[in-house]
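Coordinates as given in entry-v6.txt (compact mmCIF, C-alpha atoms):
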```
# COMPACT_ATOMS: atom_id res chain seq x y z
CA MET Z 1 -16.81 -6.90 -76.09
CA GLN Z 2 -15.61 -3.83 -74.25
CA GLU Z 3 -12.05 -2.58 -74.48
CA ARG Z 4 -11.93 -0.22 -71.57
CA THR Z 5 -9.25 -0.20 -68.96
CA ALA Z 6 -8.50 1.44 -65.63
CA GLU Z 7 -6.12 3.79 -67.39
CA ASN Z 8 -8.86 5.32 -69.49
CA ASN Z 9 -10.64 8.37 -68.18
CA SER Z 10 -14.03 6.77 -68.59
CA PRO Z 11 -14.32 3.72 -66.34
CA PRO Z 12 -16.15 0.70 -67.68
CA ILE Z 13 -19.79 0.15 -66.94
CA PHE Z 14 -19.57 -2.87 -64.71
CA ALA Z 15 -22.28 -5.48 -64.87
CA HIS Z 16 -22.15 -6.07 -61.11
CA THR Z 17 -21.03 -4.04 -58.09
CA ILE Z 18 -18.64 -6.79 -57.05
CA GLU Z 19 -16.77 -6.31 -60.33
CA GLU Z 20 -16.40 -2.62 -59.56
CA GLU Z 21 -15.05 -3.43 -56.10
CA PHE Z 22 -12.66 -6.00 -57.55
CA ALA Z 23 -11.36 -3.38 -60.00
CA ARG Z 24 -10.82 -0.93 -57.15
CA ILE Z 25 -8.82 -3.53 -55.25
CA LEU Z 26 -6.62 -4.17 -58.28
CA ASP Z 27 -6.10 -0.43 -58.72
CA TYR Z 28 -5.20 -0.05 -55.06
CA TYR Z 29 -2.39 -2.59 -55.35
CA GLY Z 30 -1.15 -1.25 -58.67
CA ILE Z 31 -2.26 -4.21 -60.78
CA ARG Z 32 -3.15 -3.33 -64.39
CA TRP Z 33 -6.45 -4.76 -65.62
CA GLU Z 34 -8.82 -4.69 -68.54
CA TYR Z 35 -12.55 -5.30 -68.34
CA GLU Z 36 -13.95 -7.93 -70.69
CA PRO Z 37 -11.34 -7.21 -73.37
CA HIS Z 38 -11.57 -10.54 -75.18
CA THR Z 39 -14.33 -12.90 -76.22
CA PHE Z 40 -13.51 -16.53 -76.82
CA ALA Z 41 -15.62 -18.60 -79.20
CA LEU Z 42 -16.69 -21.87 -77.62
CA GLU Z 43 -19.09 -23.38 -80.17
CA TRP Z 44 -19.90 -22.89 -83.82
CA ASP Z 45 -22.97 -23.78 -85.87
CA GLU Z 46 -22.92 -25.77 -89.06
CA LYS Z 47 -22.18 -22.63 -91.05
CA GLY Z 48 -19.15 -21.86 -88.92
CA ARG Z 49 -20.75 -18.98 -87.05
CA VAL Z 50 -20.03 -18.62 -83.37
CA SER Z 51 -23.01 -19.94 -81.41
CA ARG Z 52 -21.54 -19.81 -77.90
CA ALA Z 53 -18.83 -17.56 -76.54
CA PHE Z 54 -17.28 -16.51 -73.28
CA ALA Z 55 -15.87 -13.13 -72.23
CA PRO Z 56 -14.11 -13.39 -68.86
CA ASP Z 57 -14.68 -10.32 -66.68
CA PHE Z 58 -11.07 -9.26 -66.19
CA TYR Z 59 -7.76 -9.66 -67.91
CA LEU Z 60 -4.56 -8.91 -65.99
CA PRO Z 61 -2.00 -8.28 -68.75
CA ASP Z 62 1.11 -8.38 -66.56
CA GLN Z 63 0.07 -11.74 -65.16
CA ASP Z 64 -1.48 -12.94 -68.44
CA LEU Z 65 -4.44 -14.09 -66.39
CA TYR Z 66 -8.20 -13.95 -66.98
CA VAL Z 67 -10.53 -13.75 -63.99
CA GLU Z 68 -14.23 -14.51 -64.01
CA LEU Z 69 -16.30 -13.50 -61.00
CA THR Z 70 -19.60 -15.00 -60.02
CA THR Z 71 -21.91 -14.46 -57.09
CA LEU Z 72 -24.24 -17.24 -58.16
CA ARG Z 73 -25.07 -20.00 -55.72
CA PRO Z 74 -23.02 -23.16 -56.24
CA LYS Z 75 -25.95 -25.02 -57.81
CA LEU Z 76 -26.25 -22.33 -60.48
CA VAL Z 77 -22.57 -22.14 -61.35
CA THR Z 78 -22.69 -25.30 -63.47
CA LYS Z 79 -23.18 -23.38 -66.73
CA LYS Z 80 -20.20 -21.15 -65.99
CA ASN Z 81 -18.08 -24.13 -65.00
CA ARG Z 82 -18.94 -25.77 -68.30
CA LYS Z 83 -17.83 -22.69 -70.21
CA ILE Z 84 -14.53 -22.61 -68.39
CA ARG Z 85 -13.99 -26.33 -68.95
CA ARG Z 86 -14.68 -25.81 -72.65
CA MET Z 87 -12.28 -22.89 -72.69
CA ASN Z 88 -9.59 -25.03 -71.13
CA GLU Z 89 -10.16 -27.65 -73.84
CA LEU Z 90 -10.08 -25.19 -76.73
CA TYR Z 91 -7.52 -22.72 -75.41
CA PRO Z 92 -5.26 -24.64 -73.01
CA GLU Z 93 -2.66 -21.89 -73.16
CA ILE Z 94 -5.10 -19.36 -71.66
CA ASN Z 95 -5.14 -19.05 -67.87
CA VAL Z 96 -8.61 -18.46 -66.41
CA GLN Z 97 -9.57 -18.33 -62.75
CA LEU Z 98 -13.18 -18.63 -61.65
CA TRP Z 99 -13.81 -16.72 -58.46
CA LYS Z 100 -16.89 -18.22 -56.83
CA ARG Z 101 -19.00 -16.34 -54.36
CA SER Z 102 -17.25 -17.95 -51.40
CA ASP Z 103 -13.92 -16.69 -52.77
CA LEU Z 104 -15.33 -13.19 -53.19
CA ARG Z 105 -16.88 -13.29 -49.76
CA ASN Z 106 -13.55 -14.31 -48.21
CA LEU Z 107 -11.79 -11.52 -50.07
CA MET Z 108 -14.28 -8.96 -48.78
CA LEU Z 109 -14.04 -10.33 -45.23
CA ARG Z 110 -10.26 -10.16 -45.37
CA PHE Z 111 -10.49 -6.49 -46.26
CA GLY Z 112 -13.01 -5.85 -43.49
CA MET Z 113 -15.86 -5.20 -45.89
CA ASP Z 114 -18.40 -7.31 -44.08
CA ASP Z 115 -21.42 -5.66 -45.66
CA HIS Z 116 -20.13 -6.55 -49.13
CA ALA Z 117 -19.49 -10.08 -47.91
CA ALA Z 118 -22.99 -10.35 -46.50
CA ALA Z 119 -24.48 -8.93 -49.68
CA ILE Z 120 -22.73 -11.64 -51.66
CA MET Z 121 -24.03 -14.56 -49.66
CA GLY Z 122 -25.53 -13.54 -46.35
CA THR Z 123 -23.91 -14.75 -43.18
CA GLU Z 124 -24.03 -18.42 -44.05
CA ALA Z 125 -21.05 -19.86 -45.88
CA GLN Z 126 -17.81 -21.52 -44.90
CA ASP Z 127 -19.68 -24.77 -44.38
CA ASP Z 128 -21.71 -24.97 -47.55
CA GLU Z 129 -19.10 -24.65 -50.28
CA MET K 130 2.44 -21.32 -24.45
CA MET K 131 1.91 -24.43 -22.39
CA ASN K 132 -1.04 -25.72 -20.44
CA GLU K 133 -0.93 -27.34 -17.02
CA LYS K 134 0.25 -30.64 -18.44
CA GLY K 135 3.22 -28.97 -20.11
CA ALA K 136 1.93 -29.77 -23.57
CA HIS K 137 0.85 -27.36 -26.27
CA PRO K 138 -2.44 -25.62 -25.48
CA GLU K 139 -5.57 -27.29 -26.71
CA PRO K 140 -8.60 -25.56 -28.24
CA GLY K 141 -10.50 -26.16 -25.01
CA ASP K 142 -8.06 -23.90 -23.18
CA PHE K 143 -9.40 -20.91 -25.09
CA GLY K 144 -13.05 -20.97 -24.04
CA PRO K 145 -15.38 -18.85 -26.14
CA LEU K 146 -12.69 -17.99 -28.69
CA ALA K 147 -12.12 -21.63 -29.53
CA ASP K 148 -15.84 -22.33 -29.43
CA ASP K 149 -16.13 -20.20 -32.56
CA VAL K 150 -13.83 -22.55 -34.46
CA SER K 151 -15.57 -25.37 -36.29
CA GLN K 152 -12.45 -27.29 -37.28
CA VAL K 153 -8.80 -27.13 -36.30
CA LEU K 154 -6.66 -27.38 -39.43
CA TYR K 155 -3.21 -27.31 -37.83
CA THR K 156 -2.59 -27.80 -34.13
CA ALA K 157 -0.14 -25.78 -32.09
CA ALA K 158 2.18 -28.80 -31.99
CA GLU K 159 2.11 -29.22 -35.77
CA ILE K 160 2.80 -25.54 -36.31
CA GLY K 161 5.61 -25.56 -33.75
CA GLU K 162 7.30 -28.52 -35.39
CA ARG K 163 7.07 -27.05 -38.88
CA VAL K 164 8.37 -23.66 -37.72
CA ARG K 165 11.38 -25.37 -36.15
CA GLU K 166 12.09 -27.14 -39.45
CA MET K 167 11.84 -23.87 -41.34
CA GLY K 168 14.16 -22.17 -38.85
CA GLN K 169 16.73 -24.93 -39.33
CA ALA K 170 16.57 -24.63 -43.12
CA ILE K 171 16.97 -20.85 -42.96
CA SER K 172 19.89 -21.20 -40.53
CA GLN K 173 21.69 -23.51 -42.95
CA ASP K 174 20.95 -21.52 -46.11
CA TYR K 175 21.85 -18.12 -44.68
CA ASN K 176 24.84 -19.13 -42.58
CA GLY K 177 27.45 -16.35 -42.75
CA ARG K 178 25.11 -13.88 -44.46
CA ARG K 179 23.36 -12.26 -41.43
CA PRO K 180 19.92 -12.05 -43.04
CA LEU K 181 17.40 -9.34 -42.33
CA LEU K 182 13.93 -10.74 -41.71
CA ILE K 183 11.11 -8.38 -42.62
CA GLY K 184 7.47 -8.79 -41.65
CA VAL K 185 4.29 -6.84 -42.23
CA LEU K 186 2.23 -6.11 -39.15
CA LYS K 187 0.06 -7.35 -37.68
CA GLY K 188 -0.66 -10.92 -38.69
CA VAL K 189 2.92 -12.08 -38.95
CA PHE K 190 4.04 -11.36 -35.41
CA PRO K 191 3.39 -14.81 -33.78
CA PHE K 192 5.08 -16.60 -36.67
CA MET K 193 7.98 -14.14 -36.72
CA ALA K 194 8.52 -14.53 -32.99
CA ASP K 195 8.60 -18.33 -33.18
CA LEU K 196 10.64 -18.42 -36.38
CA LEU K 197 13.26 -16.06 -34.96
CA ARG K 198 13.73 -18.34 -31.98
CA ALA K 199 14.13 -21.34 -34.29
CA ILE K 200 16.94 -19.65 -36.24
CA THR K 201 20.36 -20.33 -34.81
CA ILE K 202 22.52 -17.87 -36.78
CA PRO K 203 22.92 -14.10 -36.33
CA VAL K 204 19.84 -12.45 -37.76
CA GLN K 205 18.14 -9.06 -37.65
CA VAL K 206 14.44 -8.29 -37.82
CA ASP K 207 12.41 -5.32 -38.93
CA PHE K 208 8.73 -4.63 -39.47
CA MET K 209 6.64 -2.50 -41.72
CA ALA K 210 2.96 -1.65 -41.65
CA ILE K 211 0.71 -0.74 -44.54
CA ALA K 212 -2.85 0.37 -44.88
CA SER K 213 -4.61 -2.60 -46.47
CA TYR K 214 -7.51 -2.06 -48.81
CA SER K 215 -10.61 -1.12 -46.86
CA ARG K 216 -13.60 1.15 -47.04
CA SER K 217 -11.59 3.98 -45.51
CA THR K 218 -8.36 3.56 -47.48
CA ARG K 219 -9.80 2.84 -50.92
CA GLN K 220 -10.56 6.52 -51.49
CA GLN K 221 -6.88 7.37 -51.54
CA GLY K 222 -6.50 4.89 -54.39
CA PHE K 223 -3.13 3.36 -53.57
CA VAL K 224 -1.24 1.55 -50.80
CA ARG K 225 0.16 3.82 -48.10
CA LEU K 226 3.00 2.84 -45.76
CA GLN K 227 2.03 3.37 -42.13
CA LYS K 228 5.42 2.32 -40.86
CA ASP K 229 8.51 2.01 -42.99
CA LEU K 230 11.55 -0.11 -42.21
CA ASP K 231 14.16 1.17 -39.80
CA GLU K 232 16.97 -0.73 -41.52
CA PRO K 233 18.40 0.13 -44.96
CA LEU K 234 18.21 -2.78 -47.39
CA GLU K 235 21.03 -2.00 -49.78
CA GLY K 236 23.37 -4.96 -50.04
CA ARG K 237 21.46 -6.96 -47.42
CA HIS K 238 20.18 -10.51 -47.71
CA VAL K 239 16.48 -9.97 -47.06
CA LEU K 240 13.98 -12.67 -46.14
CA PHE K 241 10.41 -11.45 -46.32
CA VAL K 242 8.33 -13.33 -43.76
CA GLU K 243 4.57 -13.67 -44.23
CA ASP K 244 1.87 -15.33 -42.18
CA VAL K 245 -0.23 -16.21 -45.23
CA ILE K 246 -0.03 -15.57 -48.96
CA ASP K 247 -3.40 -15.52 -50.66
CA THR K 248 -3.99 -13.39 -53.78
CA GLY K 249 -0.41 -12.12 -53.66
CA LEU K 250 -1.63 -8.53 -54.19
CA THR K 251 -0.15 -7.04 -51.02
CA LEU K 252 3.06 -9.00 -51.19
CA SER K 253 3.73 -8.25 -54.86
CA TYR K 254 3.32 -4.57 -54.11
CA LEU K 255 5.74 -4.74 -51.20
CA LEU K 256 8.30 -6.84 -53.05
CA ARG K 257 8.34 -4.29 -55.88
CA SER K 258 8.99 -1.59 -53.33
CA LEU K 259 11.71 -3.55 -51.53
CA ARG K 260 13.52 -4.60 -54.71
CA ALA K 261 13.91 -0.92 -55.58
CA ARG K 262 15.98 -0.49 -52.41
CA GLY K 263 18.81 -2.66 -53.74
CA PRO K 264 19.01 -5.73 -51.47
CA ALA K 265 21.68 -8.32 -52.29
CA SER K 266 18.92 -10.94 -52.29
CA LEU K 267 15.21 -10.99 -51.57
CA GLU K 268 13.39 -14.24 -50.77
CA VAL K 269 9.96 -15.07 -49.37
CA CYS K 270 9.09 -17.26 -46.42
CA THR K 271 5.45 -17.95 -45.55
CA LEU K 272 3.91 -20.18 -42.94
CA PHE K 273 0.65 -20.61 -44.84
CA ASP K 274 -0.07 -20.59 -48.54
CA LYS K 275 -3.43 -20.34 -50.30
CA PRO K 276 -2.37 -20.76 -53.92
CA GLN K 277 -5.83 -21.41 -55.35
CA ARG K 278 -6.72 -17.75 -55.82
CA ARG K 279 -3.30 -16.32 -56.55
CA LEU K 280 -3.61 -13.32 -58.85
CA VAL K 281 0.06 -12.39 -58.88
CA PRO K 282 2.69 -15.15 -58.96
CA ILE K 283 4.96 -15.09 -55.90
CA PRO K 284 8.19 -17.12 -55.77
CA ILE K 285 8.22 -18.77 -52.34
CA ARG K 286 11.53 -20.07 -50.93
CA TYR K 287 10.19 -21.43 -47.64
CA LYS K 288 6.63 -22.62 -47.03
CA GLY K 289 5.00 -24.18 -44.00
CA PHE K 290 1.55 -25.43 -44.94
CA ASP K 291 -1.09 -25.11 -47.62
CA LEU K 292 -4.49 -23.84 -46.52
CA PRO K 293 -7.85 -24.54 -48.14
CA GLU K 294 -9.90 -21.79 -49.73
CA LYS K 295 -11.73 -21.05 -46.52
CA PHE K 296 -11.66 -18.21 -44.06
CA VAL K 297 -9.19 -19.27 -41.37
CA VAL K 298 -8.16 -17.70 -38.09
CA GLY K 299 -5.56 -18.23 -35.42
CA TYR K 300 -1.79 -17.92 -35.02
CA GLY K 301 -1.91 -14.29 -36.13
CA LEU K 302 -4.77 -14.60 -38.63
CA ASP K 303 -7.77 -12.55 -37.60
CA TYR K 304 -11.41 -11.88 -38.19
CA ARG K 305 -12.22 -8.32 -37.18
CA GLU K 306 -8.91 -8.18 -35.27
CA LEU K 307 -9.88 -11.15 -33.08
CA TYR K 308 -8.61 -14.75 -32.86
CA ARG K 309 -4.97 -13.83 -33.53
CA ASN K 310 -4.02 -15.28 -30.13
CA LEU K 311 -5.27 -18.78 -30.87
CA PRO K 312 -2.14 -20.98 -31.02
CA PHE K 313 -3.71 -23.21 -33.67
CA VAL K 314 -5.32 -22.44 -37.03
CA GLY K 315 -8.89 -23.32 -37.82
CA LEU K 316 -12.10 -22.54 -39.65
CA LEU K 317 -14.55 -20.12 -38.14
CA LYS K 318 -18.10 -21.32 -37.62
CA ALA K 319 -20.49 -19.85 -40.16
CA ASP K 320 -22.62 -18.10 -37.56
CA VAL K 321 -19.68 -15.99 -36.39
CA PHE K 322 -19.76 -13.91 -39.54
CA GLY K 323 -22.04 -10.95 -39.18
CA ARG K 324 -22.02 -10.92 -35.41
CA ASP K 325 -21.63 -7.41 -34.05
CA ASN K 326 -18.68 -8.14 -31.81
CA GLY K 327 -17.17 -11.18 -33.47
CA VAL K 328 -17.23 -13.23 -30.27
```
Write-out of the structure in structure tokens:
Amino acid sequence: MQERTAENNSPPIFAHTIEEEFARILDYYGIRWEYEPHTFALEWDEKGRVSRAFAPDFYLPDQDLYVELTTLRPKLVTKKNRKIRRMNELYPEINVQLWKRSDLRNLMLRFGMDDHAAAIMGTEAQDDE
Amino acid sequence: MMNEKGAHPEPGDFGPLADDVSQVLYTAAEIGERVREMGQAISQDYNGRRPLLIGVLKGVFPFMADLLRAITIPVQVDFMAIASYSRSTRQQGFVRLQKDLDEPLEGRHVLFVEDVIDTGLTLSYLLRSLRARGPASLEVCTLFDKPQRRLVPIPIRYKGFDLPEKFVVGYGLDYRELYRNLPFVGLLKADVFGRDNGV
């Protein structure tokens, strides 16, 4: 778990370039964010130790919203979807959005960043998700 | 805009532009009807208050033009322009106004008119800025809403249609500054993305 925010001098080490771009967009529009500030336990073993957990990429404190980004192809997102479903079961009061690669691509296209959009999913899309 | 038959223009009237659209989501007739309904509602709600309608260039201008003509009470209009996030603006690190309003807002009943609300990032920034100018009221009117990926909650007083989480163009919405002049709204074909000239 990392507790680093945009307000700190040392920016977080992002796991993916799209996360870094997303953070820049939030900064640009004056939205406060934290990077992977909380980890939620999803499963426990017989001794009560956490065996599966989930740390959403971003937390927006003013909106009380968690955002998870993924550039995985739809067929590979199943595992992440399961985690979010489990989170919704265990922590129904927590708001989590899953931004799929088509969402990220559309965001990049809207901001005219076509190369980022293409890097996320090539030029196909729109029809396949 | 009318075609030879006097009806709303059809996608076929727009040649190569319309050929890039895989599916029409809302026709010109549907949009026109909904805009008229919204204009009537605004006329009733703001009667006697002389509202100031504010829009952000460029996407809103077709909707603003049609909405204005559907409003039957005295109304004023003003526009602002901002530098959206892009490769060139991100270095400066914050939103910069390219054109501010001409009208003062203090004590005015302000209706912020949007073409589409998506993440809510731009609009929330602008609403914060406008609230600081002391309007008597500040409400939001949008023709299209994409609530699925809203990052910042936006209270919407008037809404035309919901849109799916797809990249849509037409009626002011663009891809690389093109397709704004389509009188309908639709999905772009996948092979349009990545073309050098968009069309």
Output the contact residues of chain K with respect to chain Z at a cut-off of 10 Å, based on all atoms listed in the file, as a PyMOL selection string. chain K and resi 151+213-216+218-225+247-255+277-282+294-297+302-306+316-324
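Residues lying within 8 Å of Asn310 in chain K, counting only C-alpha atoms and ignoring same-chain neighbours fewer than 6 positions away, are Gly299, Tyr300 and Gly301 of chain K.
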Based on the selection just made, write C-alpha atoms of those residues as an mmCIF file, keeping the file's coordinate frame.
```cif
data_model
loop_
_atom_site.group_PDB
_atom_site.id
_atom_site.type_symbol
_atom_site.label_atom_id
_atom_site.label_comp_id
_atom_site.auth_asym_id
_atom_site.auth_seq_id
_atom_site.Cartn_x
_atom_site.Cartn_y
_atom_site.Cartn_z
ATOM 1 C CA GLY K 299 -5.560 -18.230 -35.420
ATOM 2 C CA TYR K 300 -1.790 -17.920 -35.020
ATOM 3 C CA GLY K 301 -1.910 -14.290 -36.130
#
```
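Taking CA of Leu76 in chain Z and CA of Gly315 in chain K as endpoints, the distance between them is 28.6 Å.
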Up to 6 Å from (-15.9, -15.0, -57.6) in the file's coordinates: name the residues, counting only C-alpha atoms, as a PDB file with C-alpha atoms, keeping the file's coordinate frame.
```pdb
ATOM      1  CA  LEU Z  69     -16.300 -13.500 -61.000  1.00  0.00           C
ATOM      2  CA  THR Z  70     -19.600 -15.000 -60.020  1.00  0.00           C
ATOM      3  CA  TRP Z  99     -13.810 -16.720 -58.460  1.00  0.00           C
ATOM      4  CA  LYS Z 100     -16.890 -18.220 -56.830  1.00  0.00           C
ATOM      5  CA  ARG Z 101     -19.000 -16.340 -54.360  1.00  0.00           C
ATOM      6  CA  ASP Z 103     -13.920 -16.690 -52.770  1.00  0.00           C
ATOM      7  CA  LEU Z 104     -15.330 -13.190 -53.190  1.00  0.00           C
TER       8      LEU Z 104
END
```
Glu235 in chain K surroundings by only C-alpha atoms, 10 Å radius, close-in-sequence under 2 positions cut, as a ChimeraX atom specification: /K:232-233,237-239,259-266
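Neighbours of Leu311 in chain K closer than or equal to 9 Å, with all atoms listed in the file counted and sequence neighbours fewer than 2 positions away skipped, come out as Pro140, Phe143, Leu146, Ala147, Ala157, Val298, Gly299, Tyr300, Gly301, Leu302, Tyr308, Arg309, Phe313 and Val314 of chain K.
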Please compute the CA of Tyr287 in chain K-CA of Leu226 in chain K distance, one decimal, in Å. 25.4 Å
As JSON, numbers by chain, please: the residues near Arg86 in chain Z (cut-off 10 Å, all atoms listed in the file, same-chain neighbours under 4 positions excluded). {"Z": [41, 42, 43, 54, 80, 81, 82, 90, 91, 92]}
Non-local contacts of Phe58 in chain Z (8 Å; all atoms listed in the file; under 4 positions in same chain excluded) as number ranges by chain: Z: 33-37, 66-68
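Here CA of Asp174 in chain K stands at a distance of 20.1 Å from CA of Gly161 in chain K.
Taking only C-alpha atoms into account, those protein, DNA and RNA residues with any atom at most 8 Å away from (6.8, -16.9, -44.2) amount to Phe192, Phe241, Val242, Glu243, Asp244, Val245, Val269, Cys270, Thr271, Leu272, Phe273, Tyr287, Lys288 and Gly289 of chain K.
With all atoms listed in the file as the atoms that count, the minimum distance from Leu181 in chain K to the choices K:Asp231, K:Asp291, K:Glu162, K:Asp274 is reached by K:Asp231.
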